[in-house]
>>> print(open('target.cif').read())   # mmCIF, C-alpha atoms (C1' of nucleotides)
data_my_file
#
loop_
_atom_site.label_atom_id
_atom_site.label_comp_id
_atom_site.auth_asym_id
_atom_site.auth_seq_id
_atom_site.Cartn_x
_atom_site.Cartn_y
_atom_site.Cartn_z
CA MET A 1 42.82 54.44 -6.97
CA PRO A 2 46.43 53.35 -6.64
CA ALA A 3 45.64 49.61 -6.32
CA GLY A 4 43.25 49.71 -9.27
CA LYS A 5 45.91 49.97 -11.94
CA ARG A 6 48.06 47.39 -10.24
CA ASP A 7 45.19 44.92 -10.02
CA HIS A 8 44.27 45.48 -13.61
CA LEU A 9 47.86 44.93 -14.71
CA ILE A 10 48.04 41.64 -12.82
CA ASP A 11 44.77 40.41 -14.32
CA THR A 12 45.80 41.39 -17.82
CA ALA A 13 49.21 39.79 -17.41
CA LEU A 14 47.65 36.63 -16.01
CA ARG A 15 45.31 36.32 -18.95
CA LEU A 16 48.02 36.88 -21.55
CA PHE A 17 50.64 34.71 -19.88
CA ALA A 18 48.13 31.89 -19.47
CA ALA A 19 47.03 32.10 -23.07
CA GLU A 20 50.39 32.48 -24.80
CA GLY A 21 53.21 31.85 -22.37
CA PHE A 22 55.53 33.91 -20.22
CA HIS A 23 58.36 34.35 -22.70
CA ALA A 24 56.04 34.80 -25.65
CA VAL A 25 54.20 37.77 -24.15
CA GLY A 26 56.25 40.95 -23.83
CA ILE A 27 55.85 43.92 -21.55
CA ASP A 28 54.58 45.99 -24.46
CA ARG A 29 51.72 43.56 -25.05
CA VAL A 30 50.71 43.70 -21.40
CA ILE A 31 50.61 47.48 -21.16
CA ALA A 32 48.87 47.79 -24.53
CA GLU A 33 46.09 45.38 -23.51
CA ALA A 34 45.84 46.93 -20.07
CA GLY A 35 45.68 50.41 -21.60
CA VAL A 36 48.34 51.69 -19.27
CA ALA A 37 51.63 53.56 -19.64
CA LYS A 38 54.87 51.65 -19.38
CA MET A 39 56.01 53.69 -16.41
CA THR A 40 52.86 52.73 -14.56
CA LEU A 41 53.88 49.10 -14.82
CA TYR A 42 57.45 49.77 -13.79
CA ASN A 43 56.18 51.89 -10.94
CA HIS A 44 54.33 48.90 -9.49
CA PHE A 45 56.75 46.13 -10.47
CA ARG A 46 60.50 46.43 -10.66
CA THR A 47 60.92 43.80 -13.34
CA LYS A 48 58.90 41.53 -15.61
CA ASP A 49 59.74 38.63 -13.31
CA GLU A 50 58.09 40.45 -10.44
CA LEU A 51 54.95 40.86 -12.54
CA ILE A 52 55.05 37.16 -13.43
CA VAL A 53 55.29 36.19 -9.78
CA ALA A 54 52.46 38.55 -8.83
CA ALA A 55 50.31 37.01 -11.56
CA LEU A 56 51.09 33.49 -10.36
CA GLU A 57 50.32 34.40 -6.76
CA ARG A 58 46.98 35.80 -7.76
CA ARG A 59 46.30 32.70 -9.80
CA ALA A 60 47.09 30.42 -6.87
CA GLU A 61 44.87 32.41 -4.55
CA ARG A 62 41.96 32.61 -6.95
CA PHE A 63 42.22 29.03 -8.17
CA LEU A 64 42.43 27.45 -4.74
CA ALA A 65 39.53 29.57 -3.50
CA TRP A 66 37.39 28.47 -6.44
CA PHE A 67 38.52 24.87 -6.22
CA THR A 68 37.92 24.35 -2.52
CA HIS A 69 34.61 26.17 -2.71
CA ARG A 70 33.39 23.94 -5.51
CA VAL A 71 34.50 20.80 -3.70
CA GLU A 72 32.92 21.82 -0.42
CA ALA A 73 29.68 22.97 -1.98
CA ALA A 74 29.15 19.57 -3.59
CA THR A 75 29.14 17.39 -0.50
CA GLU A 76 29.90 17.39 3.19
CA ASP A 77 31.23 13.86 3.33
CA PRO A 78 35.06 14.03 3.36
CA ARG A 79 35.42 10.72 1.55
CA GLN A 80 33.06 11.92 -1.16
CA ARG A 81 34.95 15.18 -1.37
CA LEU A 82 38.09 13.28 -2.29
CA LEU A 83 36.27 12.05 -5.39
CA THR A 84 34.52 15.33 -6.11
CA VAL A 85 37.98 16.83 -6.59
CA PHE A 86 38.03 15.22 -10.02
CA ASP A 87 34.58 16.46 -10.96
CA VAL A 88 35.78 19.97 -10.23
CA LEU A 89 38.86 19.35 -12.37
CA ALA A 90 36.52 18.29 -15.19
CA GLU A 91 34.69 21.61 -14.85
CA TRP A 92 37.98 23.41 -15.12
CA TYR A 93 39.10 21.52 -18.22
CA ARG A 94 35.77 22.32 -19.84
CA GLY A 95 36.28 26.04 -19.44
CA ARG A 96 34.08 26.50 -16.36
CA GLY A 97 36.90 27.33 -13.99
CA PRO A 98 37.95 30.66 -12.51
CA GLU A 99 39.00 33.58 -14.68
CA PRO A 100 40.62 33.43 -17.11
CA ARG A 101 38.28 30.71 -18.30
CA ARG A 102 39.99 29.29 -21.37
CA PHE A 103 41.79 26.11 -20.34
CA THR A 104 45.43 26.22 -21.41
CA GLY A 105 46.85 23.77 -18.92
CA CYS A 106 47.96 24.48 -15.39
CA ALA A 107 49.64 27.89 -15.19
CA PHE A 108 52.11 26.47 -12.67
CA GLN A 109 53.03 23.48 -14.78
CA ASN A 110 53.59 25.94 -17.60
CA ALA A 111 55.64 28.23 -15.40
CA ALA A 112 57.85 25.38 -14.23
CA ALA A 113 58.28 24.34 -17.85
CA GLU A 114 59.47 27.79 -18.89
CA PHE A 115 61.59 28.44 -15.80
CA HIS A 116 63.43 25.20 -15.12
CA ASP A 117 65.67 26.58 -12.44
CA PRO A 118 64.07 25.64 -9.10
CA ALA A 119 65.53 28.83 -7.63
CA HIS A 120 63.63 31.01 -10.08
CA PRO A 121 60.76 32.72 -8.25
CA ALA A 122 58.23 31.55 -10.84
CA HIS A 123 59.30 27.94 -10.37
CA ALA A 124 59.19 28.44 -6.62
CA ALA A 125 55.64 29.77 -6.94
CA ALA A 126 54.67 26.60 -8.79
CA ASN A 127 56.26 24.53 -6.07
CA ALA A 128 54.36 26.37 -3.36
CA MET A 129 51.06 26.04 -5.21
CA LYS A 130 51.41 22.28 -5.60
CA ARG A 131 52.28 21.88 -1.96
CA GLY A 132 49.18 23.89 -1.13
CA THR A 133 47.05 21.61 -3.26
CA ARG A 134 48.51 18.51 -1.67
CA GLY A 135 48.01 19.99 1.77
CA TYR A 136 44.34 20.58 1.03
CA VAL A 137 43.85 16.99 -0.13
CA ARG A 138 45.67 15.77 2.93
CA GLY A 139 43.17 17.65 5.07
CA LEU A 140 40.31 15.90 3.27
CA ALA A 141 41.97 12.52 3.77
CA GLU A 142 42.48 13.24 7.46
CA ALA A 143 38.84 14.24 7.85
CA ALA A 144 37.85 11.02 6.11
CA GLY A 145 39.84 9.10 8.69
CA PHE A 146 42.40 7.48 6.47
CA ASP A 147 45.31 5.68 8.08
CA ASP A 148 47.93 7.44 6.00
CA PRO A 149 46.51 10.75 4.77
CA GLY A 150 49.91 11.77 3.45
CA ALA A 151 49.98 8.79 1.12
CA VAL A 152 46.48 9.57 -0.15
CA ALA A 153 47.49 13.19 -0.75
CA ALA A 154 50.62 12.10 -2.64
CA TRP A 155 48.54 9.82 -4.86
CA TRP A 156 45.99 12.52 -5.44
CA LEU A 157 48.57 15.08 -6.48
CA VAL A 158 49.98 12.63 -9.03
CA LEU A 159 46.50 11.96 -10.38
CA ILE A 160 45.60 15.65 -10.49
CA GLU A 161 48.80 16.68 -12.24
CA GLY A 162 48.56 13.76 -14.63
CA ALA A 163 44.96 14.42 -15.58
CA THR A 164 45.75 18.10 -16.13
CA ALA A 165 48.78 17.31 -18.28
CA VAL A 166 46.81 14.82 -20.38
CA ALA A 167 43.89 17.19 -20.74
CA HIS A 168 46.21 19.91 -22.00
CA GLN A 169 48.64 17.97 -24.16
CA LEU A 170 46.15 15.60 -25.73
CA GLY A 171 43.16 17.90 -25.54
CA GLU A 172 41.26 15.13 -23.76
CA ARG A 173 38.95 16.97 -21.45
CA ASP A 174 37.58 13.78 -19.92
CA ALA A 175 40.97 12.92 -18.45
CA ALA A 176 39.49 13.96 -15.11
CA LEU A 177 37.04 11.08 -15.31
CA THR A 178 39.85 8.63 -15.99
CA ALA A 179 41.61 9.92 -12.90
CA LYS A 180 38.38 9.78 -10.90
CA ALA A 181 37.85 6.12 -11.76
CA ALA A 182 41.40 5.35 -10.65
CA ALA A 183 40.87 7.38 -7.48
CA ALA A 184 37.67 5.54 -6.64
CA THR A 185 39.43 2.20 -7.04
CA LEU A 186 42.25 3.39 -4.81
CA LEU A 187 39.82 4.58 -2.14
CA ASP A 188 38.09 1.22 -2.06
CA ALA A 189 41.40 -0.55 -1.66
CA GLN A 190 42.65 1.85 1.00
CA ALA A 191 39.63 1.93 3.27
CA PRO A 192 39.60 4.25 6.30
CA SER A 193 40.70 2.60 9.48
CA MET B 1 79.23 13.53 -44.18
CA PRO B 2 76.16 15.66 -44.93
CA ALA B 3 74.06 14.07 -42.17
CA GLY B 4 76.78 14.55 -39.55
CA LYS B 5 76.29 18.27 -39.10
CA ARG B 6 72.55 17.89 -39.12
CA ASP B 7 72.67 15.20 -36.45
CA HIS B 8 75.00 17.25 -34.35
CA LEU B 9 72.75 20.28 -34.65
CA ILE B 10 69.72 18.28 -33.54
CA ASP B 11 71.58 16.85 -30.55
CA THR B 12 72.89 20.25 -29.51
CA ALA B 13 69.48 21.85 -29.90
CA LEU B 14 67.84 19.05 -27.94
CA ARG B 15 70.25 19.47 -25.07
CA LEU B 16 69.88 23.25 -24.92
CA PHE B 17 66.11 23.30 -25.38
CA ALA B 18 65.70 20.65 -22.69
CA ALA B 19 67.92 22.50 -20.26
CA GLU B 20 66.65 26.05 -20.76
CA GLY B 21 63.48 26.04 -22.83
CA PHE B 22 62.54 26.60 -26.44
CA HIS B 23 61.96 30.34 -26.32
CA ALA B 24 64.87 30.97 -24.00
CA VAL B 25 67.46 29.41 -26.32
CA GLY B 26 68.16 31.33 -29.52
CA ILE B 27 69.53 30.18 -32.82
CA ASP B 28 72.83 31.88 -32.07
CA ARG B 29 73.28 29.79 -28.92
CA VAL B 30 72.64 26.59 -30.82
CA ILE B 31 75.13 27.28 -33.59
CA ALA B 32 77.74 28.55 -31.15
CA GLU B 33 77.54 25.40 -29.01
CA ALA B 34 77.42 23.18 -32.07
CA GLY B 35 80.42 24.99 -33.55
CA VAL B 36 78.66 25.48 -36.84
CA ALA B 37 77.93 28.38 -39.16
CA LYS B 38 74.49 29.90 -39.19
CA MET B 39 73.98 29.07 -42.84
CA THR B 40 74.65 25.42 -42.10
CA LEU B 41 71.68 25.42 -39.76
CA TYR B 42 69.45 27.24 -42.20
CA ASN B 43 70.60 24.91 -44.94
CA HIS B 44 69.26 21.92 -43.01
CA PHE B 45 66.21 23.55 -41.38
CA ARG B 46 64.08 26.25 -42.90
CA THR B 47 63.08 27.77 -39.58
CA LYS B 48 63.71 27.45 -35.87
CA ASP B 49 60.38 25.69 -35.52
CA GLU B 50 61.58 23.03 -37.91
CA LEU B 51 64.65 22.51 -35.74
CA ILE B 52 62.46 22.28 -32.64
CA VAL B 53 60.28 19.65 -34.24
CA ALA B 54 63.31 17.67 -35.42
CA ALA B 55 64.71 17.77 -31.89
CA LEU B 56 61.41 16.59 -30.41
CA GLU B 57 61.15 13.78 -32.94
CA ARG B 58 64.61 12.58 -32.07
CA ARG B 59 63.76 12.81 -28.39
CA ALA B 60 60.62 10.73 -28.85
CA GLU B 61 62.50 8.11 -30.82
CA ARG B 62 65.42 7.89 -28.41
CA PHE B 63 63.35 8.06 -25.26
CA LEU B 64 60.85 5.40 -26.28
CA ALA B 65 63.67 3.11 -27.44
CA TRP B 66 65.43 3.49 -24.10
CA PHE B 67 62.23 3.21 -22.10
CA THR B 68 60.87 0.08 -23.75
CA HIS B 69 64.28 -1.55 -23.68
CA ARG B 70 64.65 -0.94 -19.96
CA VAL B 71 61.15 -2.24 -19.25
CA GLU B 72 61.61 -5.34 -21.33
CA ALA B 73 65.07 -6.14 -20.01
CA ALA B 74 63.75 -6.17 -16.43
CA THR B 75 61.15 -8.90 -16.73
CA GLU B 76 59.28 -10.98 -19.27
CA ASP B 77 56.01 -11.06 -17.37
CA PRO B 78 53.64 -8.49 -18.94
CA ARG B 79 51.90 -7.79 -15.64
CA GLN B 80 55.23 -7.18 -13.96
CA ARG B 81 56.27 -4.96 -16.85
CA LEU B 82 53.32 -2.69 -16.12
CA LEU B 83 54.84 -2.02 -12.72
CA THR B 84 58.42 -1.88 -13.94
CA VAL B 85 57.38 1.13 -16.01
CA PHE B 86 57.57 3.19 -12.83
CA ASP B 87 60.98 1.86 -11.84
CA VAL B 88 62.25 3.01 -15.21
CA LEU B 89 60.67 6.41 -14.64
CA ALA B 90 62.52 6.59 -11.33
CA GLU B 91 65.79 5.94 -13.18
CA TRP B 92 64.97 8.75 -15.54
CA TYR B 93 64.16 11.22 -12.76
CA ARG B 94 67.44 10.34 -11.07
CA GLY B 95 69.43 11.32 -14.16
CA ARG B 96 69.99 7.80 -15.49
CA GLY B 97 67.84 8.20 -18.56
CA PRO B 98 68.79 8.67 -22.22
CA GLU B 99 70.91 11.62 -23.37
CA PRO B 100 70.68 14.37 -22.38
CA ARG B 101 70.81 12.98 -18.86
CA ARG B 102 69.92 15.93 -16.68
CA PHE B 103 66.27 15.65 -15.73
CA THR B 104 64.39 18.84 -16.53
CA GLY B 105 60.91 17.43 -16.84
CA CYS B 106 59.33 15.86 -19.87
CA ALA B 107 60.44 17.66 -23.03
CA PHE B 108 56.96 17.19 -24.46
CA GLN B 109 55.17 18.56 -21.43
CA ASN B 110 57.51 21.51 -21.68
CA ALA B 111 56.89 21.89 -25.41
CA ALA B 112 53.12 21.84 -24.93
CA ALA B 113 53.53 24.42 -22.16
CA GLU B 114 55.45 26.79 -24.43
CA PHE B 115 53.35 26.20 -27.54
CA HIS B 116 49.76 26.14 -26.38
CA ASP B 117 48.22 26.12 -29.81
CA PRO B 118 47.37 22.46 -30.53
CA ALA B 119 47.98 23.17 -34.21
CA HIS B 120 51.59 24.16 -33.58
CA PRO B 121 53.88 21.38 -34.79
CA ALA B 122 55.70 21.24 -31.45
CA HIS B 123 52.44 20.73 -29.59
CA ALA B 124 51.44 18.14 -32.16
CA ALA B 125 54.73 16.32 -31.56
CA ALA B 126 53.94 16.21 -27.85
CA ASN B 127 50.51 14.85 -28.61
CA ALA B 128 51.95 12.11 -30.83
CA MET B 129 54.55 11.14 -28.24
CA LYS B 130 51.97 10.72 -25.49
CA ARG B 131 49.76 8.65 -27.74
CA GLY B 132 52.76 6.49 -28.49
CA THR B 133 53.44 5.99 -24.80
CA ARG B 134 49.84 5.09 -24.12
CA GLY B 135 49.86 2.69 -27.05
CA TYR B 136 52.88 0.93 -25.64
CA VAL B 137 51.25 0.53 -22.23
CA ARG B 138 48.12 -0.72 -23.89
CA GLY B 139 50.17 -3.42 -25.56
CA LEU B 140 51.52 -4.49 -22.18
CA ALA B 141 48.01 -4.57 -20.71
CA GLU B 142 46.79 -6.65 -23.64
CA ALA B 143 49.65 -9.09 -23.21
CA ALA B 144 48.80 -9.32 -19.52
CA GLY B 145 45.27 -10.32 -20.47
CA PHE B 146 43.37 -7.42 -18.95
CA ASP B 147 39.71 -7.07 -19.76
CA ASP B 148 39.96 -3.43 -20.74
CA PRO B 149 43.54 -2.69 -21.77
CA GLY B 150 42.54 0.75 -22.99
CA ALA B 151 41.38 1.71 -19.50
CA VAL B 152 44.63 0.47 -17.97
CA ALA B 153 46.62 2.45 -20.54
CA ALA B 154 44.60 5.59 -19.82
CA TRP B 155 45.24 5.22 -16.09
CA TRP B 156 48.92 4.60 -16.66
CA LEU B 157 49.34 7.67 -18.83
CA VAL B 158 47.77 9.81 -16.11
CA LEU B 159 50.08 8.27 -13.49
CA ILE B 160 53.15 8.67 -15.70
CA GLU B 161 52.43 12.29 -16.58
CA GLY B 162 51.53 13.09 -13.01
CA ALA B 163 54.65 11.53 -11.54
CA THR B 164 56.81 13.33 -14.09
CA ALA B 165 55.14 16.67 -13.39
CA VAL B 166 55.53 16.24 -9.63
CA ALA B 167 59.13 15.14 -9.98
CA HIS B 168 59.90 18.23 -12.02
CA GLN B 169 57.87 20.90 -10.26
CA LEU B 170 58.50 19.76 -6.70
CA GLY B 171 61.89 18.19 -7.33
CA GLU B 172 60.59 14.99 -5.73
CA ARG B 173 62.44 12.30 -7.53
CA ASP B 174 60.61 9.51 -5.70
CA ALA B 175 57.31 10.54 -7.25
CA ALA B 176 57.69 7.45 -9.43
CA LEU B 177 57.43 5.25 -6.35
CA THR B 178 54.24 7.00 -5.29
CA ALA B 179 52.81 6.31 -8.72
CA LYS B 180 54.04 2.72 -8.60
CA ALA B 181 52.28 2.08 -5.31
CA ALA B 182 49.06 3.45 -6.77
CA ALA B 183 49.55 1.37 -9.91
CA ALA B 184 50.08 -1.81 -7.91
CA THR B 185 46.88 -1.17 -5.99
CA LEU B 186 45.01 -0.57 -9.23
CA LEU B 187 46.35 -3.77 -10.77
CA ASP B 188 45.21 -5.82 -7.81
CA ALA B 189 41.75 -4.33 -8.04
CA GLN B 190 41.53 -4.78 -11.80
CA ALA B 191 42.68 -8.40 -12.07
CA PRO B 192 43.08 -9.97 -15.52
CA SER B 193 40.07 -11.92 -16.69
"C1'" DG C 1 94.61 18.85 -60.88
"C1'" DG C 2 89.83 20.44 -61.72
"C1'" DA C 3 85.00 20.55 -60.57
"C1'" DC C 4 81.38 20.64 -57.52
"C1'" DA C 5 79.07 20.67 -53.18
"C1'" DA C 6 79.12 21.97 -48.49
"C1'" DA C 7 80.63 24.72 -44.73
"C1'" DT C 8 82.70 28.87 -43.16
"C1'" DA C 9 82.79 33.87 -40.93
"C1'" DG C 10 80.59 37.69 -40.59
"C1'" DA C 11 77.90 41.58 -42.04
"C1'" DC C 12 73.30 42.91 -42.31
"C1'" DA C 13 68.09 43.81 -42.05
"C1'" DG C 14 64.20 44.50 -39.44
"C1'" DA C 15 61.78 43.53 -35.74
"C1'" DC C 16 61.52 42.68 -31.06
"C1'" DT C 17 63.14 42.65 -25.99
"C1'" DT C 18 63.43 44.92 -21.13
"C1'" DG C 19 64.04 48.89 -18.79
"C1'" DT C 20 65.01 54.17 -18.31
"C1'" DC C 21 64.01 58.82 -18.95
"C1'" DT C 22 61.62 63.16 -19.74
"C1'" DA C 23 58.08 66.33 -20.10
"C1'" DT C 24 53.18 66.85 -19.84
"C1'" DC C 25 48.80 66.16 -17.90
"C1'" DT C 26 45.23 65.03 -14.32
"C1'" DA C 27 43.19 64.34 -9.93
"C1'" DT C 28 43.05 64.75 -5.17
"C1'" DT C 29 43.85 67.13 -0.92
"C1'" DC C 30 44.88 70.93 1.89
"C1'" DG D 1 43.63 78.05 -5.81
"C1'" DA D 2 48.07 75.77 -5.01
"C1'" DA D 3 50.71 71.70 -4.08
"C1'" DT D 4 51.55 67.01 -4.55
"C1'" DA D 5 51.27 62.38 -6.30
"C1'" DG D 6 50.22 59.45 -9.97
"C1'" DA D 7 49.50 58.50 -14.81
"C1'" DT D 8 50.40 59.70 -19.49
"C1'" DA D 9 52.80 59.30 -24.36
"C1'" DG D 10 56.66 58.50 -26.42
"C1'" DA D 11 61.55 58.71 -27.30
"C1'" DC D 12 65.50 56.20 -26.28
"C1'" DA D 13 69.37 52.80 -24.99
"C1'" DA D 14 71.43 48.54 -25.46
"C1'" DG D 15 70.76 44.33 -26.46
"C1'" DT D 16 68.35 40.23 -28.42
"C1'" DC D 17 65.73 37.70 -31.89
"C1'" DT D 18 65.18 35.16 -36.62
"C1'" DG D 19 66.49 34.89 -41.07
"C1'" DT D 20 69.23 36.48 -45.45
"C1'" DC D 21 73.19 37.40 -48.00
"C1'" DT D 22 77.96 37.37 -49.73
"C1'" DA D 23 82.47 36.06 -50.41
"C1'" DT D 24 85.77 32.69 -49.09
"C1'" DT D 25 87.47 28.25 -47.81
"C1'" DT D 26 87.27 23.34 -47.30
"C1'" DG D 27 86.67 18.52 -48.66
"C1'" DT D 28 85.55 14.90 -51.89
"C1'" DC D 29 85.11 12.56 -56.12
"C1'" DC D 30 86.55 11.85 -60.86
#
>>> encode(input="target.cif", output="structure tokens")
Amino acid sequence: MPAGKRDHLIDTALRLFAAEGFHAVGIDRVIAEAGVAKMTLYNHFRTKDELIVAALERRAERFLAWFTHRVEAATEDPRQRLLTVFDVLAEWYRGRGPEPRRFTGCAFQNAAAEFHDPAHPAHAAANAMKRGTRGYVRGLAEAAGFDDPGAVAAWWLVLIEGATAVAHQLGERDAALTAKAAAATLLDAQAPS
Amino acid sequence: MPAGKRDHLIDTALRLFAAEGFHAVGIDRVIAEAGVAKMTLYNHFRTKDELIVAALERRAERFLAWFTHRVEAATEDPRQRLLTVFDVLAEWYRGRGPEPRRFTGCAFQNAAAEFHDPAHPAHAAANAMKRGTRGYVRGLAEAAGFDDPGAVAAWWLVLIEGATAVAHQLGERDAALTAKAAAATLLDAQAPS
DNA sequence: GGACAAATAGACAGACTTGTCTATCTATTC
DNA sequence: GAATAGATAGACAAGTCTGTCTATTTGTCC
């Protein structure tokens, strides 16, 4: 089971990094919690940074899968889906998101905060994830027939990031509802053509 | 000049922490760049955490002073000031904010990202700063005669945090204009009573 | 000039960091 | 059953981290 150990390491690292931060959690913590020898880790990942990037990639994959599934299960109407986005965020803030469940802010916001250099692979992973999110919203806005789906997607990303930051920093888990109310007002003003 | 060294240490720490992160910058870096002996630092601050908190407090003070001054110098009309907020953010993202000038995201978002525990004094400082920002916006909304100034302030904080996060993570310095367009639309929909 | 407070350089402790290495063990496959 | 690949524990290197300590020098006020 060569992929088994690797998978387990990524999951363990993801959980620890999310809970305590990338710098704060050392390699020794990861292998201890994973119950794995140090050489096993360094056999699968050349450096800690590589493990961090693998963890972020898994997070992006898993989160987007969960997120889009929740949005699409709620309603078929594209316009409604644009609003449902914020209900799904509320679920996430309340600890009903994908593993790991405890809400400690957006892992990608946190990664960008710890690795300021845009050239750092962890920062680049955050960049890619946010573009992915915006692209998804843009697809919803296109399906809803909006004149300028790019503008809607740009607004939505600002609202999503803002709600997530407020929920984390202020511990206000209903920040998603604040953002939803703003989003609803914006949708009414920017009616589909 | 007993306060001189202390001030200089706080400024140096603020600059380094903002540029590279709180965990990534060690005490030795701070004292080397400040040109100060280690015991001078530990004479003024009992621990590194105390230095971090002092740096964040100075940042909050200096940033809010700059921010409110820029908003209020632009226009006297409270409604217009609510929109000017985003022009001032754009200045900040473009490196025309208070010292230290280089934009590396919001120091308080970054602090909350590195210190997840809400009980940690650095996280608490971030919390206080955001409440201060929201309180200021609320004052503007009150002066503009809005029915529910608290709701406007909540929306604005989400837009501000979101624009700042997008500007930092995606390097999109015009995120403030995206937020401003959304804010203008919201203001039109939520006219003063 | 003498006294007192503050700052200095630098050694030091003890713990922690990433990453390497070795020598042993285990499991699968031929 | 033998060979091969992967995992194991743990020592180890070389450096970093925070925080303490000492012994000396500097600057200011009387």
>>> residues_around(input="target.cif", residues="stretch 35-45 of chain B", least_positions_apart="6", cutoff="8 Å", atoms="only C-alpha atoms (C1' of nucleotides)", output="list in words")
Lys5, Arg6, Leu9, Asp28 and Leu51 of chain B; DA7, DT8 and DA9 of chain C
>>> closest_residue(input="target.cif", among="A:Thr104, A:Arg138, A:Val158, A:Gly132", to="A:Leu170", atoms="all atoms listed in the file")
A:Thr104
>>> residues_around(input="target.cif", residues="D:DC12", least_positions_apart="6", cutoff="12 Å", atoms="all atoms listed in the file", output="JSON, numbers by chain")
{"C": [19, 20, 21, 22]}
>>> closest_residue(input="target.cif", among="B:Leu14, B:Ala154, B:Ala55, B:Ala141", to="B:Arg79", atoms="only C-alpha atoms")
B:Ala141
>>> closest_residue(input="target.cif", among="C:DT29, C:DG10, C:DG1, C:DA23", to="chain B", atoms="all atoms listed in the file")
C:DG10
>>> residues_around(input="target.cif", residues="A:Leu186", least_positions_apart="3", cutoff="7 Å", atoms="all atoms listed in the file", output="count of residues only")
6
>>> resolve_selection(input="target.cif", expression="the PyMOL selection byres ((chain B and resi 121) around 12)", output="list of chain:residue names")
B:Lys48, B:Asp49, B:Glu50, B:Leu51, B:Ile52, B:Val53, B:Ala54, B:Ala55, B:Leu56, B:Glu57, B:Phe108, B:Ala111, B:Ala112, B:Glu114, B:Phe115, B:His116, B:Asp117, B:Pro118, B:Ala119, B:His120, B:Ala122, B:His123, B:Ala124, B:Ala125, B:Ala126, B:Asn127, B:Ala128
>>> interface_residues(input="target.cif", of="chain D", to="chain A", cutoff="10 Å", atoms="only C-alpha atoms (C1' of nucleotides)", output="list in words")
DG6, DA7, DT8, DA9 and DG10 of chain D
>>> closest_residue(input="target.cif", among="A:Val25, A:Ala143, A:Ala32, A:Leu64", to="chain B", atoms="all atoms listed in the file")
A:Val25
>>> resolve_selection(input="target.cif", expression="the PyMOL selection byres ((chain D and resi 3) around 12)", output="PyMOL selection string")
(chain C and resi 28-30) or (chain D and resi 1-2+4-5)
>>> atom_distance(input="target.cif", atom1="atom CA of B:Leu187", atom2="atom CA of B:Arg134")
16.4 Å
>>> residues_around(input="target.cif", residues="A:His69", least_positions_apart="2", cutoff="12 Å", atoms="all atoms listed in the file", output="list in words")
Arg62, Phe63, Leu64, Ala65, Trp66, Phe67, Val71, Glu72, Ala73, Ala74, Thr75, Glu76, Arg81, Thr84, Val85, Val88, Gly97, Pro98 and Tyr136 of chain A
>>> atom_distance(input="target.cif", atom1="atom CA of A:Leu159", atom2="atom CA of B:Ala163")
8.2 Å
>>> atom_distance(input="target.cif", atom1="atom CA of B:Glu172", atom2="atom CA of A:Val152")
16.1 Å
>>> resolve_selection(input="target.cif", expression="the PyMOL selection byres ((chain C and resi 2) around 12)", output="NGL selection string")
(:C and (1 or 3-4)) or (:D and (29-30))
>>> closest_residue(input="target.cif", among="B:Ala107, B:Val137, B:Asp147, B:Gly4", to="chain C", atoms="only C-alpha atoms (C1' of nucleotides)")
B:Gly4
>>> closest_residue(input="target.cif", among="A:Arg131, A:Arg173, A:Arg94, A:Arg29", to="chain B", atoms="all atoms listed in the file")
A:Arg131
>>> residues_near_point(input="target.cif", point="(60.4, 42.5, -34.6)", cutoff="12 Å", atoms="only C-alpha atoms (C1' of nucleotides)", output="PDB file with C-alpha atoms (C1' of nucleotides), in the coordinates of the input")
ATOM      1  CA  GLY A  26      56.250  40.950 -23.830  1.00  0.00           C
TER       2      GLY A  26
ATOM      3  C1'  DA C  13      68.090  43.810 -42.050  1.00  0.00           C
ATOM      4  C1'  DG C  14      64.200  44.500 -39.440  1.00  0.00           C
ATOM      5  C1'  DA C  15      61.780  43.530 -35.740  1.00  0.00           C
ATOM      6  C1'  DC C  16      61.520  42.680 -31.060  1.00  0.00           C
ATOM      7  C1'  DT C  17      63.140  42.650 -25.990  1.00  0.00           C
TER       8       DT C  17
ATOM      9  C1'  DT D  16      68.350  40.230 -28.420  1.00  0.00           C
ATOM     10  C1'  DC D  17      65.730  37.700 -31.890  1.00  0.00           C
ATOM     11  C1'  DT D  18      65.180  35.160 -36.620  1.00  0.00           C
ATOM     12  C1'  DG D  19      66.490  34.890 -41.070  1.00  0.00           C
TER      13       DG D  19
END
>>> residues_around(input="target.cif", residues="A:Tyr93", least_positions_apart="3", cutoff="8 Å", atoms="all atoms listed in the file", output="ChimeraX atom specification")
/A:89-90,96-97,103,164,167,173
